[in-house]
file entry-v3.txt (compact mmCIF, C-alpha atoms)
# COMPACT_ATOMS: atom_id res chain seq x y z
CA MET H 1 48.06 100.13 -64.97
CA VAL H 2 46.59 96.66 -64.54
CA ARG H 3 44.44 95.32 -67.37
CA ILE H 4 41.38 93.65 -65.82
CA ASN H 5 38.73 92.08 -68.06
CA GLY H 6 39.93 94.28 -70.90
CA THR H 7 39.98 97.59 -69.05
CA ASP H 8 43.07 99.40 -67.70
CA GLU H 9 42.70 100.12 -64.01
CA ASP H 10 44.94 102.06 -61.63
CA VAL H 11 45.03 99.40 -58.92
CA CYS H 12 48.74 98.49 -58.75
CA GLY H 13 49.67 97.38 -55.23
CA MET H 14 46.22 96.09 -54.27
CA THR H 15 45.83 92.45 -53.32
CA ILE H 16 43.47 90.36 -55.41
CA ALA H 17 41.25 89.93 -52.33
CA SER H 18 40.91 93.67 -51.79
CA TYR H 19 40.24 94.33 -55.49
CA LEU H 20 37.54 91.64 -55.56
CA ALA H 21 35.93 92.93 -52.37
CA GLU H 22 35.98 96.54 -53.56
CA ASN H 23 34.30 95.52 -56.81
CA GLN H 24 31.77 93.28 -55.07
CA TYR H 25 32.76 90.01 -56.64
CA ASP H 26 31.47 86.88 -54.91
CA PHE H 27 34.67 84.95 -54.10
CA LEU H 28 32.71 81.70 -54.21
CA ARG H 29 31.55 82.09 -57.81
CA ILE H 30 34.65 83.17 -59.71
CA ALA H 31 38.06 82.11 -60.97
CA VAL H 32 40.87 84.62 -61.34
CA GLU H 33 43.42 84.32 -64.14
CA LYS H 34 46.55 86.47 -63.88
CA ASN H 35 49.20 86.53 -66.61
CA GLY H 36 48.07 83.17 -67.99
CA GLU H 37 47.72 81.25 -64.72
CA ILE H 38 44.79 80.66 -62.37
CA VAL H 39 45.40 82.22 -58.97
CA PRO H 40 44.23 79.76 -56.28
CA LYS H 41 41.72 81.19 -53.82
CA SER H 42 44.20 80.47 -51.03
CA GLN H 43 46.46 83.15 -52.57
CA TYR H 44 43.88 85.96 -52.99
CA ASP H 45 44.98 87.57 -49.74
CA THR H 46 48.66 87.65 -50.63
CA ALA H 47 48.81 87.99 -54.44
CA THR H 48 49.21 91.64 -55.39
CA LEU H 49 48.40 93.35 -58.67
CA CYS H 50 51.33 95.06 -60.41
CA ASP H 51 51.62 97.40 -63.39
CA GLY H 52 51.59 95.41 -66.60
CA ASP H 53 49.58 92.51 -65.17
CA THR H 54 46.74 91.16 -67.27
CA VAL H 55 43.86 89.73 -65.25
CA GLU H 56 40.61 88.04 -66.17
CA ILE H 57 37.96 87.43 -63.57
CA VAL H 58 35.73 84.60 -64.76
CA ARG H 59 32.25 84.58 -63.28
CA PHE H 60 30.40 81.29 -63.00
CA VAL H 61 26.64 81.31 -63.44
CA GLY H 62 24.28 78.47 -62.57
CA GLY H 63 23.07 75.70 -64.86
CA GLY H 64 24.36 72.38 -66.03
CA MET T 1 18.49 39.54 -79.67
CA ASN T 2 21.50 40.62 -81.67
CA GLN T 3 24.85 39.55 -80.38
CA ILE T 4 27.02 42.38 -79.06
CA PRO T 5 29.92 43.12 -81.44
CA THR T 6 33.33 42.01 -80.29
CA LYS T 7 35.87 44.52 -79.03
CA GLU T 8 37.87 43.96 -82.21
CA GLU T 9 34.83 44.73 -84.38
CA MET T 10 34.03 47.90 -82.43
CA THR T 11 37.66 49.03 -82.65
CA ALA T 12 37.82 48.33 -86.40
CA ALA T 13 34.58 50.27 -86.98
CA LEU T 14 35.96 53.25 -85.09
CA GLN T 15 39.32 53.08 -86.85
CA SER T 16 37.57 53.06 -90.24
CA ARG T 17 35.96 56.37 -89.25
CA ILE T 18 38.70 58.34 -87.50
CA GLY T 19 41.88 56.46 -88.40
CA VAL T 20 44.14 54.25 -86.33
CA PRO T 21 46.34 56.88 -84.61
CA LEU T 22 43.44 58.94 -83.27
CA GLN T 23 41.50 55.85 -82.19
CA GLN T 24 44.55 54.65 -80.26
CA THR T 25 45.05 58.08 -78.70
CA PHE T 26 41.46 58.28 -77.52
CA GLN T 27 41.48 54.65 -76.36
CA LYS T 28 44.46 55.30 -74.06
CA ALA T 29 42.84 58.36 -72.47
CA THR T 30 41.04 58.71 -69.16
CA VAL T 31 38.56 61.56 -68.73
CA ALA T 32 36.73 62.46 -65.52
CA VAL T 33 33.21 63.88 -65.81
CA CYS T 34 32.25 65.71 -62.61
CA GLY T 35 28.47 65.99 -62.44
CA LEU T 36 26.19 63.83 -64.60
CA GLY T 37 23.28 66.17 -65.27
CA GLY T 38 22.47 68.01 -68.49
CA LEU T 39 26.10 68.67 -69.29
CA GLY T 40 27.82 65.63 -67.88
CA SER T 41 25.45 62.96 -69.21
CA HIS T 42 25.82 64.30 -72.77
CA ILE T 43 29.58 64.82 -72.42
CA ALA T 44 30.04 61.23 -71.25
CA TYR T 45 27.99 59.77 -74.11
CA ALA T 46 29.86 61.87 -76.67
CA LEU T 47 33.27 60.85 -75.34
CA ALA T 48 32.27 57.18 -75.11
CA ARG T 49 31.03 57.14 -78.71
CA ALA T 50 34.20 58.94 -79.85
CA GLY T 51 36.30 56.16 -78.36
CA VAL T 52 37.71 57.53 -75.12
CA GLY T 53 38.88 54.41 -73.30
CA THR T 54 38.09 55.18 -69.67
CA LEU T 55 35.49 57.50 -68.18
CA ILE T 56 35.46 58.38 -64.48
CA LEU T 57 31.81 59.23 -63.76
CA ILE T 58 31.07 61.20 -60.60
CA ASP T 59 27.67 62.27 -59.25
CA PHE T 60 25.95 61.80 -55.87
CA ASP T 61 22.39 62.12 -57.23
CA THR T 62 19.66 59.82 -58.52
CA VAL T 63 17.63 60.20 -61.74
CA ASN T 64 14.61 62.41 -61.12
CA LEU T 65 11.59 63.20 -63.29
CA SER T 66 12.68 66.85 -63.58
CA ASN T 67 15.95 65.68 -65.19
CA LEU T 68 14.34 64.12 -68.24
CA ASN T 69 13.81 67.41 -70.11
CA ARG T 70 17.54 67.64 -70.83
CA GLN T 71 19.52 64.74 -69.42
CA GLN T 72 20.50 61.48 -71.10
CA TYR T 73 18.30 59.17 -69.00
CA GLY T 74 14.98 57.38 -69.51
CA VAL T 75 11.84 56.74 -67.48
CA SER T 76 12.96 53.19 -66.69
CA GLN T 77 15.95 54.72 -64.86
CA LEU T 78 13.99 56.99 -62.48
CA GLY T 79 15.30 56.59 -58.96
CA GLN T 80 18.56 54.94 -60.01
CA PRO T 81 21.90 56.47 -59.12
CA LYS T 82 23.00 58.57 -62.10
CA VAL T 83 26.42 56.91 -62.17
CA ALA T 84 24.80 53.48 -62.63
CA ALA T 85 22.14 54.65 -65.11
CA LEU T 86 24.71 56.43 -67.24
CA ALA T 87 27.14 53.52 -67.18
CA ASP T 88 24.28 51.27 -68.39
CA GLY T 89 23.47 53.67 -71.23
CA ILE T 90 27.09 53.96 -72.26
CA ARG T 91 27.44 50.18 -72.31
CA GLU T 92 24.69 50.11 -74.93
CA ALA T 93 26.39 52.75 -77.09
CA ALA T 94 30.01 51.74 -76.56
CA PRO T 95 30.22 48.41 -74.72
CA TYR T 96 33.98 48.33 -74.22
CA VAL T 97 34.44 51.76 -72.69
CA VAL T 98 35.60 51.33 -69.09
CA THR T 99 33.42 53.33 -66.72
CA VAL T 100 34.60 54.08 -63.18
CA PRO T 101 31.57 55.21 -61.18
CA HIS T 102 31.74 57.24 -57.96
CA ALA T 103 28.37 57.96 -56.36
CA VAL T 104 29.68 60.72 -54.09
CA ARG T 105 29.36 64.49 -53.75
CA LEU T 106 32.65 66.10 -54.74
CA THR T 107 34.33 68.23 -52.10
CA ARG T 108 37.64 70.02 -51.82
CA GLU T 109 38.84 67.10 -49.74
CA ASN T 110 37.90 64.18 -52.01
CA ILE T 111 38.44 65.71 -55.48
CA PRO T 112 42.19 65.06 -55.74
CA ALA T 113 41.93 61.32 -55.06
CA LEU T 114 38.92 60.86 -57.37
CA VAL T 115 40.29 62.65 -60.45
CA ARG T 116 43.98 61.80 -60.02
CA ASP T 117 44.01 59.25 -62.88
CA ALA T 118 42.29 61.52 -65.42
CA ASP T 119 44.15 63.20 -68.28
CA VAL T 120 41.36 65.73 -68.69
CA ILE T 121 38.67 66.74 -66.19
CA CYS T 122 35.24 68.09 -67.15
CA GLU T 123 33.39 70.37 -64.77
CA ALA T 124 29.69 69.70 -65.36
CA PHE T 125 28.07 70.93 -62.17
CA ASP T 126 24.90 72.95 -61.81
CA ARG T 127 25.77 75.36 -59.01
CA PRO T 128 28.19 78.25 -59.58
CA ASP T 129 29.88 77.89 -56.20
CA GLU T 130 30.61 74.22 -56.93
CA LYS T 131 31.94 75.09 -60.39
CA SER T 132 34.28 77.62 -58.83
CA MET T 133 35.37 75.19 -56.10
CA LEU T 134 36.17 72.41 -58.57
CA VAL T 135 38.17 74.70 -60.87
CA ASP T 136 40.11 76.06 -57.90
CA THR T 137 40.78 72.65 -56.37
CA VAL T 138 41.80 70.89 -59.60
CA LEU T 139 44.07 73.62 -60.92
CA GLU T 140 45.76 74.05 -57.54
CA ALA T 141 46.24 70.30 -56.91
CA PHE T 142 47.10 69.31 -60.50
CA PRO T 143 48.67 72.18 -62.43
CA GLU T 144 49.63 69.72 -65.20
CA LYS T 145 46.07 68.50 -65.90
CA TYR T 146 43.57 69.95 -68.37
CA LEU T 147 40.23 71.20 -67.13
CA VAL T 148 37.19 71.97 -69.30
CA ALA T 149 34.44 73.86 -67.46
CA ALA T 150 31.13 75.50 -68.39
CA SER T 151 29.32 78.69 -67.50
CA GLY T 152 26.15 80.05 -69.09
CA MET T 153 23.83 77.82 -71.10
CA ALA T 154 20.34 78.53 -69.69
CA GLY T 155 17.39 79.88 -71.64
CA LEU T 156 16.43 80.17 -75.30
CA SER T 157 19.16 82.45 -76.61
CA GLY T 158 20.71 81.58 -79.96
CA ALA T 159 22.92 78.58 -80.39
CA ASN T 160 25.80 80.67 -81.77
CA SER T 161 26.36 82.48 -78.47
CA ILE T 162 27.77 79.29 -76.91
CA LYS T 163 31.54 79.39 -77.30
CA THR T 164 34.72 77.67 -76.15
CA ARG T 165 37.39 79.95 -74.68
CA ARG T 166 40.88 79.10 -73.55
CA ILE T 167 41.43 80.99 -70.31
CA THR T 168 44.89 79.57 -69.54
CA LYS T 169 47.02 76.91 -71.22
CA ARG T 170 45.17 74.20 -69.32
CA PHE T 171 41.79 75.74 -68.48
CA TYR T 172 39.02 75.91 -71.09
CA LEU T 173 35.61 77.46 -70.49
CA CYS T 174 32.50 76.78 -72.59
CA GLY T 175 29.15 78.55 -72.61
CA ASP T 176 27.93 82.10 -73.15
CA GLY T 177 29.25 83.22 -69.76
CA VAL T 178 26.08 85.03 -68.72
CA SER T 179 22.84 83.00 -69.04
CA ASP T 180 22.13 82.09 -65.43
CA VAL T 181 19.56 79.43 -64.65
CA ALA T 182 18.48 81.59 -61.73
CA ASP T 183 17.18 84.45 -63.90
CA ASP T 184 16.12 82.75 -67.09
CA ILE T 185 13.47 80.21 -68.07
CA GLY T 186 15.69 77.36 -66.98
CA LEU T 187 17.56 74.85 -69.06
CA VAL T 188 16.39 73.48 -72.40
CA CYS T 189 17.89 70.36 -73.89
CA PRO T 190 19.44 71.65 -77.12
CA ARG T 191 21.28 74.56 -75.53
CA VAL T 192 22.65 72.37 -72.73
CA MET T 193 23.67 69.84 -75.38
CA LEU T 194 25.43 72.57 -77.34
CA CYS T 195 27.50 73.46 -74.31
CA ALA T 196 28.16 69.79 -73.52
CA ALA T 197 29.22 69.26 -77.14
CA HIS T 198 31.63 72.20 -76.86
CA GLN T 199 33.12 70.61 -73.77
CA ALA T 200 33.39 67.13 -75.30
CA GLN T 201 34.94 68.53 -78.48
CA ALA T 202 37.45 70.53 -76.40
CA VAL T 203 38.39 67.31 -74.59
CA LEU T 204 38.94 65.41 -77.85
CA ARG T 205 41.02 68.25 -79.29
CA ILE T 206 43.19 68.35 -76.15
CA LEU T 207 43.71 64.59 -76.34
CA ALA T 208 44.64 64.95 -80.02
CA GLY T 209 47.17 67.66 -79.17
CA GLN T 210 45.17 70.43 -80.81
CA PHE T 211 45.13 73.02 -78.09
CA ASP T 212 43.79 76.12 -79.83
CA VAL T 213 40.07 76.84 -79.93
call {"tool": "encode", "arguments": {"input": "entry-v3.txt", "output": "structure tokens"}}
result
Amino acid sequence: MVRINGTDEDVCGMTIASYLAENQYDFLRIAVEKNGEIVPKSQYDTATLCDGDTVEIVRFVGGG
Amino acid sequence: MNQIPTKEEMTAALQSRIGVPLQQTFQKATVAVCGLGGLGSHIAYALARAGVGTLILIDFDTVNLSNLNRQQYGVSQLGQPKVAALADGIREAAPYVVTVPHAVRLTRENIPALVRDADVICEAFDRPDEKSMLVDTVLEAFPEKYLVAASGMAGLSGANSIKTRRITKRFYLCGDGVSDVADDIGLVCPRVMLCAAHQAQAVLRILAGQFDV
């Protein structure tokens, strides 16, 4: 299981890019933290999710 | 007209408030503020008053009438570049803070050169895609730097919903995370100031070596 935003999900083996696309995240408005580090957007296609990973997908909203 | 206090007088006044070690720590620091709107203009003032020695101020825009409901500018500054108007204001509040103005739009290409000298970088943009781009670019180019960003401060929700979170060791995020300017009444000054204050306080705590939230 991969813990994503506090929920355990059975997505081991997926790339971050495919997980984000499947869950309709806008790549241009997020940051992805995996196991305490930010995953650069350039690595979304290659970084895979593995059992035991903890992930937070931060969504940016407008205003400043 | 009153004479401007000397640098020694300003330093002594600050040291009498926060102590010598902290004043020296803040004085040595360089902080970059990316975007000088509702968040960035308040962040910059707060850090200047607190004694941060050097502020890199970055914004491509000029002061507009629609900014005055929440941003730290006045009617006499309408039409001026924000970097110049803010540097003028800061000089009045803290005359010996060094301001390094860059009147440019930040892009993936120019960010690394512009923020390279900063110990801590504040993301204070308006648009979510630019927030995301800055976070991505800074943390990829400078894994050793600290970044304090913001998301969610629109509308009239309660002050207590604005929070500081530590997402990674070096990435802090302030705001309520959800209040989008696109589907709320817009931005009101106190709530933007609350978020800016969270960001400025996070910066000072990082500089002081107090990394928890």
call {"tool": "atom_distance", "arguments": {"input": "entry-v3.txt", "atom1": "CA of Pro143 (chain T)", "atom2": "CA of Val97 (chain T)"}}
result
26.9 Å
call {"tool": "closest_residue", "arguments": {"input": "entry-v3.txt", "among": "T:Ile56, T:Ile167, T:Ala13, T:Val100", "to": "Val120 (chain T)", "atoms": "all atoms listed in the file"}}
result
T:Ile56
call {"tool": "residues_around", "arguments": {"input": "entry-v3.txt", "residues": "region 152-162 of chain T", "least_positions_apart": "3", "cutoff": "12 Å", "atoms": "all atoms listed in the file", "output": "number ranges by chain"}}
result
H: 58-64; T: 38-39, 70, 124-128, 131, 149, 165, 173-199
call {"tool": "closest_atom_pairs", "arguments": {"input": "entry-v3.txt", "of": "chain H", "to": "chain T", "cutoff": "10 Å", "atoms": "only C-alpha atoms", "output": "JSON lines"}}
result
{"residue": "H:Asp26", "atom": "CA", "partner": "T:Asp129", "partner_atom": "CA", "distance": 9.2}
{"residue": "H:Phe27", "atom": "CA", "partner": "T:Ser132", "partner_atom": "CA", "distance": 8.7}
{"residue": "H:Leu28", "atom": "CA", "partner": "T:Asp129", "partner_atom": "CA", "distance": 5.1}
{"residue": "H:Arg29", "atom": "CA", "partner": "T:Asp129", "partner_atom": "CA", "distance": 4.8}
{"residue": "H:Ile30", "atom": "CA", "partner": "T:Ser132", "partner_atom": "CA", "distance": 5.6}
{"residue": "H:Ala31", "atom": "CA", "partner": "T:Ser132", "partner_atom": "CA", "distance": 6.2}
{"residue": "H:Val32", "atom": "CA", "partner": "T:Asp136", "partner_atom": "CA", "distance": 9.3}
{"residue": "H:Glu33", "atom": "CA", "partner": "T:Ile167", "partner_atom": "CA", "distance": 7.3}
{"residue": "H:Lys34", "atom": "CA", "partner": "T:Thr168", "partner_atom": "CA", "distance": 9.1}
{"residue": "H:Asn35", "atom": "CA", "partner": "T:Thr168", "partner_atom": "CA", "distance": 8.7}
{"residue": "H:Gly36", "atom": "CA", "partner": "T:Thr168", "partner_atom": "CA", "distance": 5.0}
{"residue": "H:Glu37", "atom": "CA", "partner": "T:Thr168", "partner_atom": "CA", "distance": 5.8}
{"residue": "H:Ile38", "atom": "CA", "partner": "T:Leu139", "partner_atom": "CA", "distance": 7.2}
{"residue": "H:Val39", "atom": "CA", "partner": "T:Asp136", "partner_atom": "CA", "distance": 8.2}
{"residue": "H:Pro40", "atom": "CA", "partner": "T:Asp136", "partner_atom": "CA", "distance": 5.8}
{"residue": "H:Lys41", "atom": "CA", "partner": "T:Asp136", "partner_atom": "CA", "distance": 6.7}
{"residue": "H:Ser42", "atom": "CA", "partner": "T:Asp136", "partner_atom": "CA", "distance": 9.1}
{"residue": "H:Glu56", "atom": "CA", "partner": "T:Ile167", "partner_atom": "CA", "distance": 8.2}
{"residue": "H:Ile57", "atom": "CA", "partner": "T:Ile167", "partner_atom": "CA", "distance": 9.9}
{"residue": "H:Val58", "atom": "CA", "partner": "T:Gly177", "partner_atom": "CA", "distance": 8.3}
{"residue": "H:Arg59", "atom": "CA", "partner": "T:Gly177", "partner_atom": "CA", "distance": 7.3}
{"residue": "H:Phe60", "atom": "CA", "partner": "T:Pro128", "partner_atom": "CA", "distance": 5.1}
{"residue": "H:Val61", "atom": "CA", "partner": "T:Asp180", "partner_atom": "CA", "distance": 5.0}
{"residue": "H:Gly62", "atom": "CA", "partner": "T:Pro128", "partner_atom": "CA", "distance": 4.9}
{"residue": "H:Gly63", "atom": "CA", "partner": "T:Asp126", "partner_atom": "CA", "distance": 4.5}
{"residue": "H:Gly64", "atom": "CA", "partner": "T:Asp126", "partner_atom": "CA", "distance": 4.3}
call {"tool": "atom_distance", "arguments": {"input": "entry-v3.txt", "atom1": "CA of Glu144 (chain T)", "atom2": "CA of Ala200 (chain T)"}}
result
19.3 Å
call {"tool": "atom_distance", "arguments": {"input": "entry-v3.txt", "atom1": "CA of His102 (chain T)", "atom2": "CA of Ala87 (chain T)"}}
result
11.0 Å
call {"tool": "closest_residue", "arguments": {"input": "entry-v3.txt", "among": "H:Thr46, H:Leu20, H:Tyr25, H:Asp53", "to": "Thr7 (chain H)", "atoms": "only C-alpha atoms"}}
result
H:Asp53
call {"tool": "residues_around", "arguments": {"input": "entry-v3.txt", "residues": "region 205-210 of chain T", "least_positions_apart": "6", "cutoff": "8 Å", "atoms": "all atoms listed in the file", "output": "PDB file with C-alpha atoms, in the frame of the given file"}}
result
ATOM      1  CA  LEU T  22      43.440  58.940 -83.270  1.00  0.00           C
ATOM      2  CA  THR T  25      45.050  58.080 -78.700  1.00  0.00           C
ATOM      3  CA  PHE T  26      41.460  58.280 -77.520  1.00  0.00           C
ATOM      4  CA  ALA T  29      42.840  58.360 -72.470  1.00  0.00           C
ATOM      5  CA  TYR T 146      43.570  69.950 -68.370  1.00  0.00           C
TER       6      TYR T 146
END
call {"tool": "residues_around", "arguments": {"input": "entry-v3.txt", "residues": "Arg3 (chain H)", "least_positions_apart": "5", "cutoff": "9 Å", "atoms": "only C-alpha atoms", "output": "list in words"}}
result
Asp8, Glu9, Asp10, Asp51, Gly52, Asp53, Thr54, Val55 and Glu56 of chain H
call {"tool": "build_atoms", "arguments": {"input": "entry-v3.txt", "residues": "region 13-24 of chain H", "atoms": "all heavy atoms", "output": "PDB file, keeping the file's coordinate frame"}}
result
ATOM      1  N   GLY H  13      49.398  97.427 -56.674  1.00  0.00           N
ATOM      2  CA  GLY H  13      49.670  97.380 -55.230  1.00  0.00           C
ATOM      3  C   GLY H  13      48.540  96.753 -54.428  1.00  0.00           C
ATOM      4  O   GLY H  13      48.751  96.300 -53.304  1.00  0.00           O
ATOM      5  N   MET H  14      47.344  96.726 -54.998  1.00  0.00           N
ATOM      6  CA  MET H  14      46.220  96.090 -54.270  1.00  0.00           C
ATOM      7  C   MET H  14      46.393  94.578 -54.281  1.00  0.00           C
ATOM      8  O   MET H  14      46.921  94.006 -55.247  1.00  0.00           O
ATOM      9  CB  MET H  14      44.883  96.406 -54.957  1.00  0.00           C
ATOM     10  CG  MET H  14      44.277  97.732 -54.612  1.00  0.00           C
ATOM     11  SD  MET H  14      42.714  97.931 -55.506  1.00  0.00           S
ATOM     12  CE  MET H  14      41.564  97.463 -54.226  1.00  0.00           C
ATOM     13  N   THR H  15      45.911  93.916 -53.243  1.00  0.00           N
ATOM     14  CA  THR H  15      45.830  92.450 -53.320  1.00  0.00           C
ATOM     15  C   THR H  15      44.608  92.072 -54.155  1.00  0.00           C
ATOM     16  O   THR H  15      43.677  92.880 -54.327  1.00  0.00           O
ATOM     17  CB  THR H  15      45.665  91.806 -51.923  1.00  0.00           C
ATOM     18  OG1 THR H  15      44.413  92.216 -51.382  1.00  0.00           O
ATOM     19  CG2 THR H  15      46.814  92.175 -50.997  1.00  0.00           C
ATOM     20  N   ILE H  16      44.630  90.845 -54.654  1.00  0.00           N
ATOM     21  CA  ILE H  16      43.470  90.360 -55.410  1.00  0.00           C
ATOM     22  C   ILE H  16      42.226  90.368 -54.512  1.00  0.00           C
ATOM     23  O   ILE H  16      41.143  90.780 -54.929  1.00  0.00           O
ATOM     24  CB  ILE H  16      43.761  88.968 -55.992  1.00  0.00           C
ATOM     25  CG1 ILE H  16      44.753  89.131 -57.148  1.00  0.00           C
ATOM     26  CG2 ILE H  16      42.487  88.270 -56.445  1.00  0.00           C
ATOM     27  CD1 ILE H  16      45.156  87.858 -57.837  1.00  0.00           C
ATOM     28  N   ALA H  17      42.398  89.965 -53.256  1.00  0.00           N
ATOM     29  CA  ALA H  17      41.250  89.930 -52.330  1.00  0.00           C
ATOM     30  C   ALA H  17      40.640  91.321 -52.168  1.00  0.00           C
ATOM     31  O   ALA H  17      39.410  91.470 -52.197  1.00  0.00           O
ATOM     32  CB  ALA H  17      41.678  89.369 -50.978  1.00  0.00           C
ATOM     33  N   SER H  18      41.472  92.329 -52.011  1.00  0.00           N
ATOM     34  CA  SER H  18      40.910  93.670 -51.790  1.00  0.00           C
ATOM     35  C   SER H  18      40.268  94.196 -53.077  1.00  0.00           C
ATOM     36  O   SER H  18      39.218  94.859 -53.025  1.00  0.00           O
ATOM     37  CB  SER H  18      41.946  94.635 -51.228  1.00  0.00           C
ATOM     38  OG  SER H  18      43.093  94.662 -52.036  1.00  0.00           O
ATOM     39  N   TYR H  19      40.865  93.900 -54.224  1.00  0.00           N
ATOM     40  CA  TYR H  19      40.240  94.330 -55.490  1.00  0.00           C
ATOM     41  C   TYR H  19      38.867  93.672 -55.655  1.00  0.00           C
ATOM     42  O   TYR H  19      37.886  94.320 -56.015  1.00  0.00           O
ATOM     43  CB  TYR H  19      41.124  93.982 -56.696  1.00  0.00           C
ATOM     44  CG  TYR H  19      40.461  94.367 -57.993  1.00  0.00           C
ATOM     45  CD1 TYR H  19      40.586  95.656 -58.497  1.00  0.00           C
ATOM     46  CD2 TYR H  19      39.643  93.465 -58.668  1.00  0.00           C
ATOM     47  CE1 TYR H  19      39.923  96.035 -59.658  1.00  0.00           C
ATOM     48  CE2 TYR H  19      38.974  93.829 -59.825  1.00  0.00           C
ATOM     49  CZ  TYR H  19      39.117  95.115 -60.313  1.00  0.00           C
ATOM     50  OH  TYR H  19      38.437  95.495 -61.451  1.00  0.00           O
ATOM     51  N   LEU H  20      38.800  92.363 -55.383  1.00  0.00           N
ATOM     52  CA  LEU H  20      37.540  91.640 -55.560  1.00  0.00           C
ATOM     53  C   LEU H  20      36.469  92.167 -54.605  1.00  0.00           C
ATOM     54  O   LEU H  20      35.311  92.339 -54.984  1.00  0.00           O
ATOM     55  CB  LEU H  20      37.757  90.139 -55.322  1.00  0.00           C
ATOM     56  CG  LEU H  20      38.633  89.408 -56.334  1.00  0.00           C
ATOM     57  CD1 LEU H  20      38.898  87.976 -55.867  1.00  0.00           C
ATOM     58  CD2 LEU H  20      37.988  89.402 -57.724  1.00  0.00           C
ATOM     59  N   ALA H  21      36.895  92.439 -53.359  1.00  0.00           N
ATOM     60  CA  ALA H  21      35.930  92.930 -52.370  1.00  0.00           C
ATOM     61  C   ALA H  21      35.432  94.313 -52.767  1.00  0.00           C
ATOM     62  O   ALA H  21      34.229  94.592 -52.716  1.00  0.00           O
ATOM     63  CB  ALA H  21      36.582  92.963 -50.988  1.00  0.00           C
ATOM     64  N   GLU H  22      36.354  95.177 -53.191  1.00  0.00           N
ATOM     65  CA  GLU H  22      35.980  96.540 -53.560  1.00  0.00           C
ATOM     66  C   GLU H  22      35.011  96.554 -54.745  1.00  0.00           C
ATOM     67  O   GLU H  22      34.162  97.420 -54.857  1.00  0.00           O
ATOM     68  CB  GLU H  22      37.241  97.330 -53.902  1.00  0.00           C
ATOM     69  CG  GLU H  22      37.017  98.816 -53.989  1.00  0.00           C
ATOM     70  CD  GLU H  22      38.340  99.568 -53.838  1.00  0.00           C
ATOM     71  OE1 GLU H  22      38.909  99.572 -52.725  1.00  0.00           O
ATOM     72  OE2 GLU H  22      38.805 100.106 -54.855  1.00  0.00           O
ATOM     73  N   ASN H  23      35.163  95.575 -55.621  1.00  0.00           N
ATOM     74  CA  ASN H  23      34.300  95.520 -56.810  1.00  0.00           C
ATOM     75  C   ASN H  23      33.163  94.514 -56.661  1.00  0.00           C
ATOM     76  O   ASN H  23      32.506  94.164 -57.641  1.00  0.00           O
ATOM     77  CB  ASN H  23      35.157  95.226 -58.039  1.00  0.00           C
ATOM     78  CG  ASN H  23      36.051  96.401 -58.387  1.00  0.00           C
ATOM     79  OD1 ASN H  23      35.615  97.340 -59.039  1.00  0.00           O
ATOM     80  ND2 ASN H  23      37.285  96.374 -57.912  1.00  0.00           N
ATOM     81  N   GLN H  24      32.941  94.095 -55.432  1.00  0.00           N
ATOM     82  CA  GLN H  24      31.770  93.280 -55.070  1.00  0.00           C
ATOM     83  C   GLN H  24      31.655  91.982 -55.848  1.00  0.00           C
ATOM     84  O   GLN H  24      30.568  91.563 -56.239  1.00  0.00           O
ATOM     85  CB  GLN H  24      30.501  94.123 -55.207  1.00  0.00           C
ATOM     86  CG  GLN H  24      30.416  95.125 -54.078  1.00  0.00           C
ATOM     87  CD  GLN H  24      29.547  96.322 -54.394  1.00  0.00           C
ATOM     88  OE1 GLN H  24      28.964  96.417 -55.468  1.00  0.00           O
ATOM     89  NE2 GLN H  24      29.477  97.235 -53.452  1.00  0.00           N
TER      90      GLN H  24
END
